[in-house]
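What follows is one structure encoded as structure tokens, with my remarks underneath.
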Amino acid sequence: MNPLKTHHIAAAAAAIAVIGTGSVLWRHGSEAHATPAATLPTVKYQPALQRSVSDSQDYTGRLEAVDVVDVRPRVPGTLLTVHIKDGQHVRQGELLFSIDPAPFETQVRQAQANVAVGEERQRLAIIEQARARKLMESNAIARKEFDALDNAARETAASLKGAQAALAHAQLQLGYTQVRAPIAGRISRAEITVGNVVGAGGEAAPLTRIVSDGKLYAAFNVDEQSYLRLIAPSLRSGAQPVVKVGLANDDAYPYSASIVALDNQMDTRSGTVRVRARVDNVSPEMLPGLQARVRLQGGMPYNAVMVSDIVVGTDQDRKYVLVVNAENKVERRFVELGALHGKERVLRTGVAPGAKVIVDGAFRAPPGTAVTAVAADAKAPERATGGDRS
């Protein structure tokens, strides 16, 4: 091939390559020019609200029965019958145990016989007293003889009263052979079985125990500062602090209670005062001795800034919330926390009412980031639906 021709062909190919490269660079540069600026991250916020609240404090206590009775026999004897089942509910006056009544029935019959003898002696003494009085009126007997007959009549009357009292005591002892429930409630188990001889009185072994189950106490200790902040202002104003109770596995405090007892002095060793609140509406799973979670709310109401408790973060030993400031930038505000009311937390300092507290999207926007803030309860715009394309 002609060298000159070859040189012209190579030059033409190089020119075409340069033109192609320039075209590509121009096309990419135009696309970069047409790309819009990066969009700002979107966060959702809720305004911090100001509400009237009262302070509250949580405590751990124990459930206690309102009435507890250790059932003991009042007379000794052999246990004949157990009329109860373990754990059953009993009514007041219901028969629980029977003690052998035979010895006491004998005592009753003996006392009845003594009463009958006493009545006969009194009847005869009254007759003789009346006869002596007539003779005395006619001076047929000496005064000394009349006084003796009159005294005998009085002695027989007193003896009869003693015999009647002995009969009443024997009948009472016989009645005690039937051991009945002194209160209504849930019974424990029979501690002594049939055939055993039982004693009597306070030193005797208990037959069983009954605890009232219609109402329960929640007993807990309140520290001095909480007493002055929550209970004392309520006492001065004549109002009752609000008490809520929950069990160890409850997320909330579903049971209402009212304070019925407050110790008359502060325990100087522990710095606490004993408080007892009564729960009137008791559920079947609530038993005396269970741990109780108690929330005490009282004191004077005040206006407080409140936010959802889940938005509160922790930085070492400090608490904070993220807000959107006036420049639409994320800002971290350190706060001082107050009491928890349901799912909302009181913020004592750090956040003003109406501040835009971020509740969603904070992970996309660290502090200092410019953001697009949207109210959490705002509805998302509906998507336009396009027509069919041919």
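Residues in the structure tokens are numbered from 1 in each chain, the chains being A, B, ... in the order shown, and ligands are numbered from 1 in the order shown.
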If you run DSSP over the backbone, which residues in segment 78-287 of chain A end up strand (DSSP E or B)? Put them as a VMD selection string. chain A and resid 78 to 82 89 to 90 95 to 99 178 to 180 185 to 187 197 to 198 208 to 211 216 to 223 242 to 247 255 to 262 267 272 to 279
Selection near Leu63 of chain A, 7 Å with only C-alpha atoms, sequence-local residues under 6 positions removed, as a list in words: Leu216, Tyr217, Ala218, Ala219, Leu287, Pro288, Gly289, Leu290, Gln291 and Ala292 of chain A
Please, could you write that set of residues out with C-alpha atoms as a JSON list (two decimals), in the first residue's frame?
[["chain", "number", "residue", "atom", "x", "y", "z"],
["A", 216, "LEU", "CA", -56.32, -6.55, 100.72],
["A", 217, "TYR", "CA", -53.80, -4.08, 102.08],
["A", 218, "ALA", "CA", -50.79, -2.89, 100.11],
["A", 219, "ALA", "CA", -48.16, -1.97, 102.71],
["A", 287, "LEU", "CA", -52.75, -13.33, 97.51],
["A", 288, "PRO", "CA", -51.43, -11.94, 100.78],
["A", 289, "GLY", "CA", -47.64, -11.95, 100.75],
["A", 290, "LEU", "CA", -47.25, -11.21, 97.04],
["A", 291, "GLN", "CA", -44.99, -8.35, 96.02],
["A", 292, "ALA", "CA", -46.92, -5.19, 95.22]]
Correct to one decimal, the distance atom CA of Val260 of chain A-atom CA of Leu230 of chain A is 15.8 Å
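Separating atom CA of Ser212 of chain A from atom CA of Asp67 of chain A is a distance of 5.3 Å.
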Shell of 7 Å around segment 199-211 of chain A, only C-alpha atoms, local chain residues under 3 positions omitted, as JSON, numbers by chain: {"A": [65, 67, 68, 69, 70, 71, 72, 73, 74, 75, 76, 77, 185, 186, 187, 188, 189, 190, 191, 192]}
Restrict the selected residues to C-alpha atoms and save them as a PDB file, in the first residue's frame.
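File written: selection.pdb
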ATOM      1  CA  ALA A  65     -54.753  -9.602 104.362  1.00  0.00           C
ATOM      2  CA  ASP A  67     -58.218  -9.975 108.512  1.00  0.00           C
ATOM      3  CA  VAL A  68     -56.130 -13.008 109.497  1.00  0.00           C
ATOM      4  CA  VAL A  69     -57.338 -15.556 112.054  1.00  0.00           C
ATOM      5  CA  ASP A  70     -55.552 -18.621 113.371  1.00  0.00           C
ATOM      6  CA  VAL A  71     -58.412 -20.948 114.234  1.00  0.00           C
ATOM      7  CA  ARG A  72     -57.736 -22.646 117.592  1.00  0.00           C
ATOM      8  CA  PRO A  73     -60.057 -24.901 119.592  1.00  0.00           C
ATOM      9  CA  ARG A  74     -61.628 -23.348 122.689  1.00  0.00           C
ATOM     10  CA  VAL A  75     -62.134 -26.695 124.427  1.00  0.00           C
ATOM     11  CA  PRO A  76     -59.837 -29.729 124.556  1.00  0.00           C
ATOM     12  CA  GLY A  77     -60.864 -33.071 123.165  1.00  0.00           C
ATOM     13  CA  GLY A 185     -62.381 -15.762 103.664  1.00  0.00           C
ATOM     14  CA  ARG A 186     -60.103 -18.344 102.128  1.00  0.00           C
ATOM     15  CA  ILE A 187     -59.044 -21.163 104.389  1.00  0.00           C
ATOM     16  CA  SER A 188     -55.652 -22.821 104.538  1.00  0.00           C
ATOM     17  CA  ARG A 189     -55.283 -26.565 105.135  1.00  0.00           C
ATOM     18  CA  ALA A 190     -56.267 -28.617 108.140  1.00  0.00           C
ATOM     19  CA  GLU A 191     -53.157 -28.667 110.321  1.00  0.00           C
ATOM     20  CA  ILE A 192     -54.504 -31.462 112.563  1.00  0.00           C
TER      21      ILE A 192
END
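Minimum distance to Gln178 of chain A across A:Pro47, A:Pro101, A:Gly354, A:Gly298 (counting only C-alpha atoms) occurs at A:Pro101.
Remark: for Arg62 of chain A, the closest of the candidate residues A:Ala116, A:Ala373, A:Val194, A:Ala248 is A:Ala248 (distances computed over only C-alpha atoms).
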Which residue is closest to Phe97 of chain A? Choose from A:Ser159, A:Asn249, A:Thr177, A:Thr314 and count only C-alpha atoms. A:Thr177
Using DSSP assignments from the backbone, pull out every residue in segment 38-199 of chain A that falls under helix (DSSP H, G or I) and give it to me as number ranges by chain. A: 102-137, 143-175
Can you pull out the residues contacting segment 326-332 of chain A? Cut-off 12 Å, using only C-alpha atoms, and skip same-chain residues under 6 positions away; I want them as a count of residues only. 36
Give me, as number ranges by chain, all polymer residues having an atom no more than 12 Å from Asp317 of chain A, counting only C-alpha atoms and skipping those fewer than 5 positions away in the same chain. A: 334-336
With only C-alpha atoms as the basis for distance, which of A:Ala168, A:Ala252, A:Met136, A:Ile84 is at the shortest distance from Leu340 of chain A? A:Ala252
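Of the listed residues (A:Ser56, A:Gln122, A:Thr106, A:Ser138), A:Gln122 comes nearest to Asp150 of chain A; the distances count only C-alpha atoms.
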In Å, rounded to a single decimal, give me how far atom CA of Ala153 of chain A is from atom CA of Glu128 of chain A. 8.1 Å
Using only C-alpha atoms, determine which residues lie at most 9 Å from Asn114 of chain A, disregarding the query and same-chain residues fewer than 3 positions distant; provide the list as a ChimeraX atom specification. /A:109-111,117-119,160,163-164,166-167
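Closest approach to Val66 of chain A among A:Ile183, A:Val243, A:Ala375, A:Leu296: A:Ile183, based on only C-alpha atoms.
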